[in-house]
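Peer 1: As input, take start19.cif (mmCIF, C-alpha atoms):
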data_work
loop_
_atom_site.label_atom_id
_atom_site.label_comp_id
_atom_site.auth_asym_id
_atom_site.auth_seq_id
_atom_site.Cartn_x
_atom_site.Cartn_y
_atom_site.Cartn_z
CA MET N 1 -25.87 -17.02 26.87
CA ARG N 2 -26.35 -14.40 29.60
CA GLY N 3 -26.57 -17.18 32.23
CA LEU N 4 -23.35 -18.75 30.94
CA GLN N 5 -21.51 -15.43 30.95
CA LYS N 6 -22.74 -14.71 34.48
CA THR N 7 -21.68 -18.14 35.77
CA VAL N 8 -18.22 -17.95 34.20
CA LEU N 9 -17.62 -14.43 35.52
CA GLU N 10 -18.71 -15.37 39.04
CA MET N 11 -16.41 -18.42 38.99
CA LEU N 12 -13.47 -16.28 37.88
CA LEU N 13 -14.14 -13.71 40.59
CA ARG N 14 -14.35 -16.40 43.26
CA TYR N 15 -11.06 -17.82 41.98
CA MET N 16 -9.50 -14.37 42.36
CA SER N 17 -10.91 -13.74 45.84
CA HIS N 18 -7.61 -14.78 47.46
CA ASN N 19 -4.36 -13.19 46.26
CA PRO N 20 -6.05 -11.80 43.13
CA MET N 21 -3.04 -9.92 41.83
CA GLU N 22 -0.94 -13.10 41.88
CA LYS N 23 -3.59 -14.86 39.79
CA LEU N 24 -3.93 -12.14 37.16
CA PRO N 25 -1.19 -13.54 34.86
CA LYS N 26 -3.07 -16.86 34.61
CA MET N 27 -6.28 -14.97 33.92
CA PHE N 28 -4.70 -13.11 31.02
CA ASP N 29 -3.18 -16.34 29.65
CA LEU N 30 -6.65 -17.89 29.71
CA ALA N 31 -8.16 -14.82 28.02
CA GLU N 32 -5.66 -15.06 25.17
CA LYS N 33 -6.34 -18.77 24.68
CA LEU N 34 -10.08 -18.13 24.56
CA ASP N 35 -9.55 -15.39 21.96
CA ARG N 36 -8.89 -17.99 19.25
CA LYS N 37 -9.52 -15.60 16.37
CA LYS N 38 -7.13 -13.02 17.91
CA ILE N 39 -9.82 -10.34 17.79
CA ARG N 40 -8.99 -8.93 21.24
CA THR N 41 -5.36 -10.03 21.60
CA ASN N 42 -3.87 -6.53 21.42
CA GLU N 43 -6.36 -5.20 23.98
CA ILE N 44 -5.75 -8.14 26.32
CA ARG N 45 -2.00 -7.66 26.16
CA ALA N 46 -2.27 -3.90 26.68
CA LEU N 47 -4.46 -4.47 29.74
CA ARG N 48 -2.02 -7.10 31.01
CA ASP N 49 0.88 -4.66 30.69
CA VAL N 50 -0.98 -1.99 32.64
CA LEU N 51 -2.42 -4.14 35.43
CA LEU N 52 0.70 -6.23 36.04
CA ASN N 53 3.01 -3.23 36.15
CA GLU N 54 3.39 -2.50 39.86
CA ASN N 55 4.23 1.13 39.09
CA SER N 56 0.98 1.61 37.17
CA ASN N 57 -1.84 3.59 38.76
CA TRP N 58 -4.32 1.07 37.31
CA HIS N 59 -2.44 -1.73 39.11
CA ARG N 60 -2.72 0.19 42.36
CA LEU N 61 -6.41 0.90 41.74
CA THR N 62 -7.09 -2.80 41.19
CA VAL N 63 -5.19 -3.69 44.36
CA ASN N 64 -7.24 -1.12 46.30
CA LEU N 65 -10.47 -2.51 44.85
CA PHE N 66 -9.80 -6.10 45.97
CA GLU N 67 -8.37 -5.07 49.33
CA ASN N 68 -11.04 -2.55 50.33
CA VAL N 69 -14.32 -3.70 48.71
CA ASP N 70 -16.30 -6.78 49.69
CA LEU N 71 -16.09 -9.53 47.06
CA LYS N 72 -19.89 -9.77 46.83
CA LEU N 73 -20.02 -6.12 45.72
CA ILE N 74 -17.28 -6.68 43.14
CA GLN N 75 -19.19 -9.67 41.77
CA LYS N 76 -22.44 -7.71 41.60
CA PHE N 77 -20.74 -4.85 39.80
CA ALA N 78 -19.06 -7.17 37.32
CA VAL N 79 -22.23 -9.13 36.51
CA ASN N 80 -24.82 -6.33 36.55
CA PHE N 81 -22.73 -3.49 35.15
CA LEU N 82 -20.50 -5.35 32.72
CA ILE N 83 -22.78 -8.13 31.47
CA TYR N 84 -26.32 -6.83 31.90
CA ALA N 85 -25.79 -3.09 31.34
CA ASN N 86 -22.94 -3.24 28.82
CA ILE N 87 -23.46 -6.47 26.88
CA GLU N 88 -27.04 -7.69 26.98
CA GLY N 89 -28.49 -4.23 27.60
CA LEU N 90 -26.62 -2.53 24.77
CA THR N 91 -27.56 -5.31 22.34
CA ARG N 92 -31.25 -4.95 23.21
CA ALA N 93 -31.06 -1.14 23.16
CA ARG N 94 -29.56 -1.12 19.67
CA ALA N 95 -32.33 -3.39 18.42
CA ASN N 96 -34.99 -1.17 19.97
CA LYS N 97 -33.37 1.97 18.58
CA GLU N 98 -33.62 0.49 15.10
CA LYS N 99 -37.16 -0.75 15.74
CA TYR N 100 -38.58 2.50 17.11
CA GLY N 101 -36.29 5.05 15.44
CA VAL N 102 -35.39 6.81 18.69
CA ASN N 103 -32.38 6.86 20.97
CA ILE N 104 -32.46 4.35 23.84
CA PRO N 105 -30.36 5.69 26.74
CA TRP N 106 -27.74 3.60 28.50
CA THR N 107 -28.82 4.96 31.88
CA ILE N 108 -31.71 6.86 33.48
CA LEU N 109 -31.12 9.54 36.10
CA MET N 110 -34.09 9.81 38.46
CA ASP N 111 -34.93 12.14 41.37
CA PRO N 112 -36.83 10.07 43.97
CA THR N 113 -37.59 13.30 45.85
CA SER N 114 -37.18 17.05 45.61
CA ALA N 115 -36.59 17.19 49.37
CA CYS N 116 -33.13 17.94 50.71
CA ASN N 117 -31.80 18.44 54.21
CA LEU N 118 -29.22 21.00 52.99
CA LYS N 119 -29.51 24.34 51.21
CA CYS N 120 -26.42 24.67 49.06
CA THR N 121 -25.49 28.00 47.52
CA GLY N 122 -26.48 28.19 43.84
CA CYS N 123 -28.36 24.86 43.82
CA TRP N 124 -31.82 24.87 42.23
CA ALA N 125 -32.92 21.84 44.30
CA ALA N 126 -32.79 23.94 47.46
CA GLN N 127 -35.79 25.91 46.16
CA TYR N 128 -38.12 22.95 45.83
CA GLY N 129 -38.53 21.65 49.36
CA GLY N 130 -40.28 18.29 49.80
CA LYS N 131 -43.16 19.01 47.47
CA HIS N 132 -42.48 16.27 44.94
CA ASN N 133 -41.70 12.56 45.11
CA LEU N 134 -41.66 9.67 42.66
CA SER N 135 -43.58 6.85 44.37
CA TYR N 136 -41.94 3.48 44.79
CA GLU N 137 -44.42 2.10 42.27
CA THR N 138 -43.34 4.71 39.70
CA LEU N 139 -39.63 4.04 40.28
CA ASP N 140 -40.26 0.32 39.95
CA SER N 141 -42.26 0.81 36.75
CA ILE N 142 -39.50 2.91 35.19
CA CYS N 143 -36.97 0.15 35.91
CA ARG N 144 -39.25 -2.56 34.52
CA GLN N 145 -39.96 -0.59 31.35
CA GLY N 146 -36.29 0.31 31.09
CA LYS N 147 -35.15 -3.30 31.16
CA GLU N 148 -37.55 -4.11 28.33
CA LEU N 149 -35.73 -1.47 26.28
CA GLY N 150 -32.25 -2.60 27.39
CA ILE N 151 -31.51 -0.26 30.32
CA TYR N 152 -29.94 -1.84 33.42
CA PHE N 153 -28.14 1.12 35.01
CA TYR N 154 -30.04 3.67 37.14
CA ILE N 155 -28.74 6.78 38.89
CA PHE N 156 -30.40 8.78 41.65
CA SER N 157 -30.06 12.50 42.35
CA GLY N 158 -32.41 15.03 43.89
CA GLY N 159 -33.03 16.78 46.19
CA GLU N 160 -31.18 14.38 48.45
CA PRO N 161 -32.01 10.86 47.24
CA LEU N 162 -31.22 9.22 50.58
CA VAL N 163 -34.25 10.95 52.07
CA ARG N 164 -35.91 7.95 50.35
CA LYS N 165 -33.21 5.40 51.20
CA ASP N 166 -35.63 2.69 52.38
CA ASP N 167 -37.46 2.77 49.04
CA LEU N 168 -34.17 2.80 47.14
CA ILE N 169 -32.98 -0.31 48.98
CA ARG N 170 -36.33 -1.93 48.22
CA LEU N 171 -35.80 -1.10 44.53
CA CYS N 172 -32.34 -2.70 44.61
CA GLU N 173 -33.89 -5.84 46.09
CA ALA N 174 -36.59 -5.96 43.41
CA HIS N 175 -34.12 -5.50 40.53
CA GLN N 176 -31.12 -7.61 41.40
CA ASP N 177 -30.09 -7.67 37.73
CA CYS N 178 -29.70 -3.85 37.65
CA TYR N 179 -26.96 -1.61 39.01
CA PHE N 180 -27.87 1.50 41.00
CA PHE N 181 -25.86 4.58 41.88
CA ALA N 182 -26.61 7.76 43.84
CA PHE N 183 -25.14 11.22 44.20
CA THR N 184 -25.53 12.08 47.88
CA ASN N 185 -24.50 14.76 50.35
CA GLY N 186 -23.64 11.89 52.69
CA THR N 187 -25.27 13.28 55.81
CA LEU N 188 -27.92 10.52 55.97
CA VAL N 189 -25.55 7.56 55.71
CA ASP N 190 -25.73 5.50 58.90
CA GLU N 191 -24.90 2.02 60.19
CA LYS N 192 -28.17 0.41 59.08
CA PHE N 193 -27.94 1.87 55.58
CA CYS N 194 -24.39 0.55 55.21
CA GLN N 195 -25.60 -2.91 56.24
CA ASP N 196 -28.39 -2.65 53.66
CA LEU N 197 -25.91 -1.66 50.94
CA LEU N 198 -23.75 -4.67 51.77
CA ARG N 199 -26.78 -6.95 51.72
CA VAL N 200 -28.21 -5.88 48.32
CA GLY N 201 -24.79 -5.52 46.69
CA ASN N 202 -25.89 -3.52 43.64
CA PHE N 203 -25.84 0.07 44.92
CA ALA N 204 -22.84 2.45 45.00
CA LEU N 205 -22.53 6.07 46.18
CA ALA N 206 -20.70 9.22 45.15
CA PHE N 207 -20.30 11.74 47.96
CA SER N 208 -20.72 15.38 46.99
CA ILE N 209 -17.80 17.42 48.27
CA GLU N 210 -16.44 20.80 47.17
CA GLY N 211 -12.76 20.38 48.03
CA ASP N 212 -11.36 21.06 51.48
CA GLU N 213 -13.41 21.85 54.59
CA GLU N 214 -13.57 25.58 53.91
CA ALA N 215 -14.69 25.17 50.27
CA THR N 216 -17.27 22.50 51.11
CA ASP N 217 -18.81 24.34 54.03
CA MET N 218 -18.90 27.57 51.99
CA ARG N 219 -21.50 26.07 49.62
CA ARG N 220 -23.05 23.31 51.72
CA GLY N 221 -23.16 24.76 55.22
CA LYS N 222 -20.91 24.69 58.27
CA GLY N 223 -20.12 21.20 59.50
CA THR N 224 -21.06 19.44 56.25
CA TYR N 225 -17.47 18.50 55.37
CA LYS N 226 -16.99 16.61 58.64
CA LYS N 227 -20.27 14.73 58.10
CA VAL N 228 -19.19 13.66 54.60
CA ILE N 229 -15.83 12.43 55.90
CA ALA N 230 -17.59 10.50 58.68
CA ALA N 231 -19.86 8.85 56.09
CA MET N 232 -16.83 7.83 54.01
CA GLU N 233 -15.24 6.27 57.08
CA LEU N 234 -18.41 4.30 57.79
CA MET N 235 -18.61 3.08 54.19
CA ARG N 236 -14.99 2.02 54.25
CA LYS N 237 -15.48 0.11 57.49
CA HIS N 238 -18.17 -1.96 55.78
CA LYS N 239 -16.00 -2.48 52.64
CA LEU N 240 -18.51 -0.71 50.39
CA LEU N 241 -17.93 0.75 46.92
CA PHE N 242 -17.92 4.55 46.79
CA GLY N 243 -16.30 7.61 45.27
CA TYR N 244 -16.74 11.37 45.31
CA SER N 245 -18.43 14.01 43.20
CA THR N 246 -17.33 17.63 42.90
CA CYS N 247 -18.90 20.72 41.39
CA TYR N 248 -15.97 22.88 40.36
CA HIS N 249 -16.57 26.61 40.04
CA ARG N 250 -14.76 29.94 40.10
CA TYR N 251 -13.92 29.70 43.80
CA ASN N 252 -12.88 26.06 44.30
CA THR N 253 -11.42 24.70 41.04
CA GLU N 254 -7.84 24.88 42.24
CA SER N 255 -8.81 23.11 45.47
CA VAL N 256 -10.61 20.11 43.90
CA ALA N 257 -7.89 19.76 41.26
CA SER N 258 -5.02 19.74 43.77
CA ASP N 259 -2.89 16.71 44.52
CA GLU N 260 -3.56 17.25 48.20
CA PHE N 261 -7.35 16.93 47.81
CA VAL N 262 -7.31 14.01 45.34
CA ASP N 263 -4.76 12.07 47.39
CA ASP N 264 -6.84 12.63 50.53
CA MET N 265 -9.96 11.24 48.80
CA ILE N 266 -8.00 8.18 47.64
CA ASP N 267 -6.65 7.62 51.15
CA ARG N 268 -10.22 7.74 52.48
CA GLY N 269 -11.27 4.91 50.16
CA CYS N 270 -12.66 6.64 47.05
CA LEU N 271 -12.18 4.55 43.90
CA PHE N 272 -13.74 6.95 41.39
CA SER N 273 -14.61 10.63 41.00
CA TRP N 274 -17.20 12.59 39.01
CA ASN N 275 -16.32 16.18 38.22
CA PHE N 276 -19.03 18.62 37.13
CA THR N 277 -18.71 22.29 36.33
CA TYR N 278 -21.19 24.74 37.82
CA MET N 279 -24.36 25.44 35.79
CA PRO N 280 -26.40 28.60 36.48
CA VAL N 281 -29.84 26.96 36.53
CA GLY N 282 -32.84 28.26 38.51
CA LYS N 283 -33.96 31.59 39.86
CA ASP N 284 -31.24 31.69 42.55
CA ALA N 285 -28.46 30.78 40.12
CA ARG N 286 -25.09 32.46 40.59
CA PRO N 287 -23.50 33.16 37.17
CA ASP N 288 -20.43 34.44 39.03
CA LEU N 289 -19.76 30.83 40.07
CA ILE N 290 -19.19 29.71 36.46
CA ALA N 291 -15.60 28.53 36.10
CA THR N 292 -13.36 30.75 34.01
CA PRO N 293 -12.04 29.42 30.68
CA GLU N 294 -8.60 29.11 32.27
CA GLN N 295 -10.02 27.05 35.14
CA ARG N 296 -11.92 24.77 32.80
CA ALA N 297 -8.77 24.23 30.72
CA HIS N 298 -6.90 23.52 33.95
CA MET N 299 -9.45 20.84 34.85
CA TYR N 300 -9.19 19.37 31.34
CA ARG N 301 -5.46 18.82 31.84
CA ARG N 302 -5.68 17.81 35.49
CA ILE N 303 -8.27 15.05 34.94
CA ARG N 304 -5.97 13.48 32.38
CA GLU N 305 -3.00 13.77 34.72
CA ILE N 306 -5.00 12.21 37.55
CA ARG N 307 -6.07 9.29 35.36
CA ALA N 308 -2.47 8.75 34.28
CA GLU N 309 -0.85 9.05 37.70
CA LYS N 310 -3.28 8.24 40.51
CA PRO N 311 -5.18 5.05 41.53
CA ILE N 312 -8.64 6.48 40.97
CA PHE N 313 -10.95 6.53 37.94
CA ALA N 314 -11.67 10.22 37.32
CA MET N 315 -14.41 11.50 34.99
CA ASP N 316 -15.30 15.02 33.88
CA PHE N 317 -18.88 15.37 32.65
CA TRP N 318 -17.96 18.19 30.22
CA ASN N 319 -14.27 17.90 29.46
CA ASP N 320 -14.55 14.21 28.57
CA GLY N 321 -16.83 15.08 25.66
CA GLU N 322 -14.07 14.00 23.30
CA PHE N 323 -14.55 10.38 24.43
CA THR N 324 -18.34 10.45 24.05
CA GLN N 325 -18.42 12.42 20.79
CA GLY N 326 -20.22 15.30 22.43
CA CYS N 327 -23.29 15.68 24.64
CA ILE N 328 -24.67 12.40 26.01
CA ALA N 329 -28.08 13.77 27.09
CA GLY N 330 -31.48 13.74 25.41
CA GLY N 331 -31.60 9.95 25.28
CA ARG N 332 -28.31 9.52 23.44
CA ASN N 333 -26.81 7.96 26.57
CA TYR N 334 -29.04 9.20 29.38
CA ILE N 335 -32.23 11.07 30.32
CA HIS N 336 -33.45 12.72 33.52
CA ILE N 337 -36.79 12.21 35.26
CA ASN N 338 -37.37 14.80 37.98
CA ALA N 339 -39.28 14.29 41.22
CA ALA N 340 -42.50 15.59 39.66
CA GLY N 341 -42.20 13.04 36.83
CA ASP N 342 -41.16 15.43 34.04
CA VAL N 343 -38.97 13.65 31.52
CA GLU N 344 -36.09 15.98 30.71
CA PRO N 345 -33.08 15.59 28.41
CA CYS N 346 -30.60 16.40 31.18
CA ALA N 347 -30.36 17.14 34.90
CA PHE N 348 -29.42 20.72 33.97
CA ILE N 349 -31.98 21.26 31.21
CA HIS N 350 -35.35 21.79 32.89
CA TYR N 351 -37.70 21.52 29.92
CA ALA N 352 -40.04 18.73 28.82
CA ASN N 353 -42.99 17.77 26.63
CA VAL N 354 -44.20 14.85 28.74
CA ASN N 355 -44.55 13.48 32.26
CA ILE N 356 -43.84 9.84 33.15
CA HIS N 357 -47.15 9.65 35.02
CA ASP N 358 -48.99 10.22 31.74
CA VAL N 359 -46.94 8.27 29.19
CA SER N 360 -44.83 5.15 28.90
CA LEU N 361 -41.04 5.38 28.96
CA LEU N 362 -40.92 4.62 25.23
CA GLU N 363 -43.47 7.37 24.51
CA ALA N 364 -41.35 9.79 26.54
CA LEU N 365 -38.30 8.94 24.42
CA GLN N 366 -40.41 9.65 21.32
CA SER N 367 -41.34 13.16 22.53
CA PRO N 368 -40.58 16.19 20.31
CA LEU N 369 -37.82 17.48 22.61
CA PHE N 370 -35.85 14.23 22.44
CA LYS N 371 -36.31 14.04 18.69
CA GLU N 372 -34.91 17.57 18.35
CA TYR N 373 -31.93 16.57 20.51
CA GLN N 374 -31.34 13.51 18.36
CA LYS N 375 -31.55 15.59 15.19
CA ASN N 376 -29.03 18.18 16.40
CA GLN N 377 -26.40 16.08 18.18
CA PRO N 378 -23.51 16.63 18.35
CA PHE N 379 -24.02 20.31 19.07
CA ASN N 380 -20.47 21.24 18.08
CA GLU N 381 -17.76 19.63 15.98
CA ASN N 382 -15.39 20.46 18.82
CA HIS N 383 -16.36 17.90 21.44
CA LEU N 384 -14.72 20.01 24.14
CA ARG N 385 -17.72 22.31 23.57
CA PRO N 386 -20.38 19.59 23.95
CA CYS N 387 -23.12 21.23 26.01
CA PRO N 388 -26.15 22.92 24.39
CA LEU N 389 -26.52 25.23 27.39
CA LEU N 390 -23.04 26.07 28.62
CA ASP N 391 -21.20 25.92 25.29
CA ASN N 392 -23.82 26.41 22.55
CA PRO N 393 -26.75 28.25 24.18
CA GLU N 394 -28.23 29.30 20.84
CA LYS N 395 -28.69 25.59 20.02
CA LEU N 396 -30.65 24.93 23.21
CA ALA N 397 -32.91 27.92 22.66
CA ALA N 398 -33.72 26.74 19.13
CA ILE N 399 -34.39 23.15 20.25
CA VAL N 400 -36.75 24.13 23.05
CA LYS N 401 -38.71 26.46 20.77
CA ALA N 402 -38.87 23.97 17.90
CA SER N 403 -40.13 21.20 20.20
CA GLY N 404 -42.63 23.34 22.07
CA ALA N 405 -41.20 22.11 25.38
CA ARG N 406 -42.31 23.84 28.57
CA SER N 407 -40.19 24.90 31.53
CA THR N 408 -40.27 22.30 34.30
CA ASP N 409 -38.69 24.50 36.94
CA MET N 410 -40.85 23.72 39.95
CA GLU N 411 -40.77 27.16 41.55
CA ALA N 412 -40.16 29.74 38.85
CA PRO N 413 -40.63 28.64 35.20
CA GLU N 414 -37.69 29.98 33.23
CA ASP N 415 -37.94 31.24 29.66
CA VAL N 416 -35.23 29.50 27.63
CA ASP N 417 -33.86 32.82 26.35
CA VAL N 418 -33.43 34.02 29.94
CA LEU N 419 -31.63 30.80 30.87
CA CYS N 420 -29.34 30.90 27.85
CA GLY N 421 -28.61 34.55 28.51
CA LYS N 422 -26.78 33.49 31.67
CA THR N 423 -24.27 31.39 29.72
CA CYS N 424 -23.72 33.36 26.49
CA GLU N 425 -20.67 35.20 27.80
CA ALA N 426 -19.15 32.04 29.26
CA ALA N 427 -19.69 30.17 25.96
CA LYS N 428 -18.10 33.01 24.00
CA ASN N 429 -15.06 33.10 26.29
CA TRP N 430 -14.61 29.33 26.38
CA ALA N 431 -14.80 28.86 22.60
CA PRO N 432 -11.26 30.05 21.65
CA VAL N 433 -9.70 28.22 24.59
CA ALA N 434 -11.55 24.99 23.75
CA ASP N 435 -10.70 25.32 20.07
CA LYS N 436 -7.01 25.66 20.92
CA LEU N 437 -7.17 22.57 23.16
CA TRP N 438 -8.99 20.65 20.43
CA GLU N 439 -6.37 21.61 17.87
CA GLU N 440 -3.54 20.59 20.22
CA ARG N 441 -5.28 17.27 20.84
CA SER N 442 -5.74 16.66 17.11
CA GLN N 443 -2.07 17.40 16.43
CA SER N 444 -1.03 15.09 19.25
CA ASP N 445 -3.19 12.25 17.92
CA SER N 446 -1.86 12.82 14.42
CA GLY N 447 1.70 12.65 15.71
CA ALA N 448 0.98 9.45 17.57
CA VAL N 449 -0.37 7.81 14.41
CA CYS N 450 2.63 8.88 12.38
#
What would the structure in this file look like if it were written as structure tokens?
Peer 2:
Amino acid sequence: MRGLQKTVLEMLLRYMSHNPMEKLPKMFDLAEKLDRKKIRTNEIRALRDVLLNENSNWHRLTVNLFENVDLKLIQKFAVNFLIYANIEGLTRARANKEKYGVNIPWTILMDPTSACNLKCTGCWAAQYGGKHNLSYETLDSICRQGKELGIYFYIFSGGEPLVRKDDLIRLCEAHQDCYFFAFTNGTLVDEKFCQDLLRVGNFALAFSIEGDEEATDMRRGKGTYKKVIAAMELMRKHKLLFGYSTCYHRYNTESVASDEFVDDMIDRGCLFSWNFTYMPVGKDARPDLIATPEQRAHMYRRIREIRAEKPIFAMDFWNDGEFTQGCIAGGRNYIHINAAGDVEPCAFIHYANVNIHDVSLLEALQSPLFKEYQKNQPFNENHLRPCPLLDNPEKLAAIVKASGARSTDMEAPEDVDVLCGKTCEAAKNWAPVADKLWEERSQSDSGAVC
């Protein structure tokens, strides 16, 4: 069945390789005919209305995709991400969840290295240096074990993951049925790497950027903005798939949320964006960087406006909690494996019971910390307060203590009460604002139904 789906999808994409937008109406007609039981008819027609409407941002995004990204990359994304990760993978993951009684994540976030060539203000990774690396053999083993459980999507962070770019390309070659993605500062992207990305086809990048040149260089160092822009230009020249990633905080939220910045990123070839809010993790954390409740509410509204108006797929890791029914970490949708091999519930929650060098991936998912996460999720009935650290710090403290998890901070182990103490005030201040937004959303949905 997977082979048939793959073949049909590849044939359809080849058919659409020339004048794809002109062929879309026929594609939708075919989709309706194939939906003989009318199970997906309403969804097909809604998608048709959006994509064929020339004034729609989704129409413009689709046009940009086919005009600016190599067809081989589009095919790889469609087959690996849509069929393997979201059809076959999810089916296998659900079966394994029932079999083993634990959550099977949709994706695994891995740090190939703790090394980074930048030292960004407030970033815990800057403390680690190049002390830790996951060997190629370990990365490969994680992917092989993951596929057995139904996981076909793998994300890299760090440190700076492209410090290990040769090994990452090798991993993409070895697992041509998986899709890979990296958050990168962009400064190590060069001509050869772009050629490698085009050759393997199953690896996309998100460039970390903090807004305009002043905001980016403030956190990442003078000259970094220009290097990121140069990397985007190189990626676009090779017709590669990429987007951008921002960390919005007290001093740049208005910049990254502005029309000027978002439009500039779209013009430079970005097709998607990840938006994260600042988390005060590590001994050099800056609690003063935490976004104010007003700024977080502003981002909540702006991300929805951007999705409705601009040809880019924008995501907010916190404010989109309403679509994921709360926190996605702890194995519910993803886990994090740091460069030392510690298996953590989240990139921002540096606690663990086990290390991937000592246990299998399945055994890691069965660890006490992940079971406590599973038992307590969602952490709040208001899914605009999804996070156990930033929004419900008392929940995280209780989970870590109940599971007996240890701090995995590589330089200065952090007592969970100390960590949660940094976010208590922010959680308290965000609660009434989030509750008001949640109530407004509920009333809006109720009105729409009526």
Peer 1: Decode the PyMOL selection byres ((chain N and resi 362) around 9) for the given file into explicit residues and return them as a PyMOL selection string.
Peer 2: chain N and resi 100+102+104+145-146+149+359-361+363-367
Peer 1: Write out as a list of chain:residue names each polymer residue whose atoms come within 8 Å of Lys239 in chain N, counting all atoms listed in the file; drop sequence neighbours fewer than 3 positions from it.
Peer 2: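 Counting all atoms listed in the file, the residues come to N:Asn68, N:Val69, N:Asp70, N:Met235, N:Arg236.
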Peer 1: Next, dump the selected residues to file, keeping only C-alpha atoms, as a PDB file, in the frame of the given file.
Peer 2:
ATOM      1  CA  ASN N  68     -11.040  -2.550  50.330  1.00  0.00           C
ATOM      2  CA  VAL N  69     -14.320  -3.700  48.710  1.00  0.00           C
ATOM      3  CA  ASP N  70     -16.300  -6.780  49.690  1.00  0.00           C
ATOM      4  CA  MET N 235     -18.610   3.080  54.190  1.00  0.00           C
ATOM      5  CA  ARG N 236     -14.990   2.020  54.250  1.00  0.00           C
TER       6      ARG N 236
END
Peer 1: Go through the shown structure with the PyMOL selection byres ((chain N and resi 429) around 12) and write out the matching residues as a PDB file with C-alpha atoms, in the frame of the given file.
Peer 2:
ATOM      1  CA  ILE N 290     -19.190  29.710  36.460  1.00  0.00           C
ATOM      2  CA  ALA N 291     -15.600  28.530  36.100  1.00  0.00           C
ATOM      3  CA  THR N 292     -13.360  30.750  34.010  1.00  0.00           C
ATOM      4  CA  PRO N 293     -12.040  29.420  30.680  1.00  0.00           C
ATOM      5  CA  GLU N 294      -8.600  29.110  32.270  1.00  0.00           C
ATOM      6  CA  GLN N 295     -10.020  27.050  35.140  1.00  0.00           C
ATOM      7  CA  ARG N 296     -11.920  24.770  32.800  1.00  0.00           C
ATOM      8  CA  ALA N 297      -8.770  24.230  30.720  1.00  0.00           C
ATOM      9  CA  ARG N 385     -17.720  22.310  23.570  1.00  0.00           C
ATOM     10  CA  LEU N 390     -23.040  26.070  28.620  1.00  0.00           C
ATOM     11  CA  ASP N 391     -21.200  25.920  25.290  1.00  0.00           C
ATOM     12  CA  ASN N 392     -23.820  26.410  22.550  1.00  0.00           C
ATOM     13  CA  THR N 423     -24.270  31.390  29.720  1.00  0.00           C
ATOM     14  CA  CYS N 424     -23.720  33.360  26.490  1.00  0.00           C
ATOM     15  CA  GLU N 425     -20.670  35.200  27.800  1.00  0.00           C
ATOM     16  CA  ALA N 426     -19.150  32.040  29.260  1.00  0.00           C
ATOM     17  CA  ALA N 427     -19.690  30.170  25.960  1.00  0.00           C
ATOM     18  CA  LYS N 428     -18.100  33.010  24.000  1.00  0.00           C
ATOM     19  CA  TRP N 430     -14.610  29.330  26.380  1.00  0.00           C
ATOM     20  CA  ALA N 431     -14.800  28.860  22.600  1.00  0.00           C
ATOM     21  CA  PRO N 432     -11.260  30.050  21.650  1.00  0.00           C
ATOM     22  CA  VAL N 433      -9.700  28.220  24.590  1.00  0.00           C
ATOM     23  CA  ALA N 434     -11.550  24.990  23.750  1.00  0.00           C
ATOM     24  CA  ASP N 435     -10.700  25.320  20.070  1.00  0.00           C
TER      25      ASP N 435
END
Peer 1: Please determine the residues with any atom at most 8 Å from (-10.1, 12.9, 33.7) (coordinates as given in the file, with only C-alpha atoms counting) and report them as a list in words.
Peer 2: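 Taken together, the residues in range are Tyr300, Arg301, Arg302, Ile303, Arg304, Glu305, Ile306, Arg307, Phe313, Ala314, Met315, Asp316, Asn319 and Asp320 of chain N.
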Peer 1: Identify which of the residues N:Glu137, N:Glu173, N:Asp111, N:Glu411 lies closest to Pro161 in chain N, counting all atoms listed in the file when measuring atom-to-atom distances.
Peer 2: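 Once distances to Pro161 in chain N are computed over all atoms listed in the file, the minimum belongs to N:Asp111.
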Peer 1: With the file shown as input, list the residues that the PyMOL selection byres ((chain N and resi 337) around 8) selects, as a PDB file with C-alpha atoms, in the coordinates of the input.
Peer 2:
ATOM      1  CA  ILE N 108     -31.710   6.860  33.480  1.00  0.00           C
ATOM      2  CA  LEU N 109     -31.120   9.540  36.100  1.00  0.00           C
ATOM      3  CA  MET N 110     -34.090   9.810  38.460  1.00  0.00           C
ATOM      4  CA  ASP N 111     -34.930  12.140  41.370  1.00  0.00           C
ATOM      5  CA  ILE N 335     -32.230  11.070  30.320  1.00  0.00           C
ATOM      6  CA  HIS N 336     -33.450  12.720  33.520  1.00  0.00           C
ATOM      7  CA  ASN N 338     -37.370  14.800  37.980  1.00  0.00           C
ATOM      8  CA  ALA N 339     -39.280  14.290  41.220  1.00  0.00           C
ATOM      9  CA  ALA N 340     -42.500  15.590  39.660  1.00  0.00           C
ATOM     10  CA  GLY N 341     -42.200  13.040  36.830  1.00  0.00           C
ATOM     11  CA  ASP N 342     -41.160  15.430  34.040  1.00  0.00           C
ATOM     12  CA  VAL N 343     -38.970  13.650  31.520  1.00  0.00           C
ATOM     13  CA  GLU N 344     -36.090  15.980  30.710  1.00  0.00           C
ATOM     14  CA  ILE N 356     -43.840   9.840  33.150  1.00  0.00           C
TER      15      ILE N 356
END
Peer 1: Please provide as a ChimeraX atom specification all residues within 12 Å of Asn53 in chain N, with the sequence filter that same-chain residues fewer than 6 positions apart are discarded (counting all atoms listed in the file).
Peer 2: /N:21,24-25,46-47,59-63
Peer 1: Using only C-alpha atoms, pick whichever of N:Asp140, N:Glu160, N:Glu322, N:Glu439 has the shortest atom-to-atom distance to Leu188 in chain N.
Peer 2: N:Glu160
Peer 1: Nearest residue to Asn57 in chain N out of N:Ala308, N:Cys327, N:Ala347, N:Leu171, using only C-alpha atoms?
Peer 2: N:Ala308
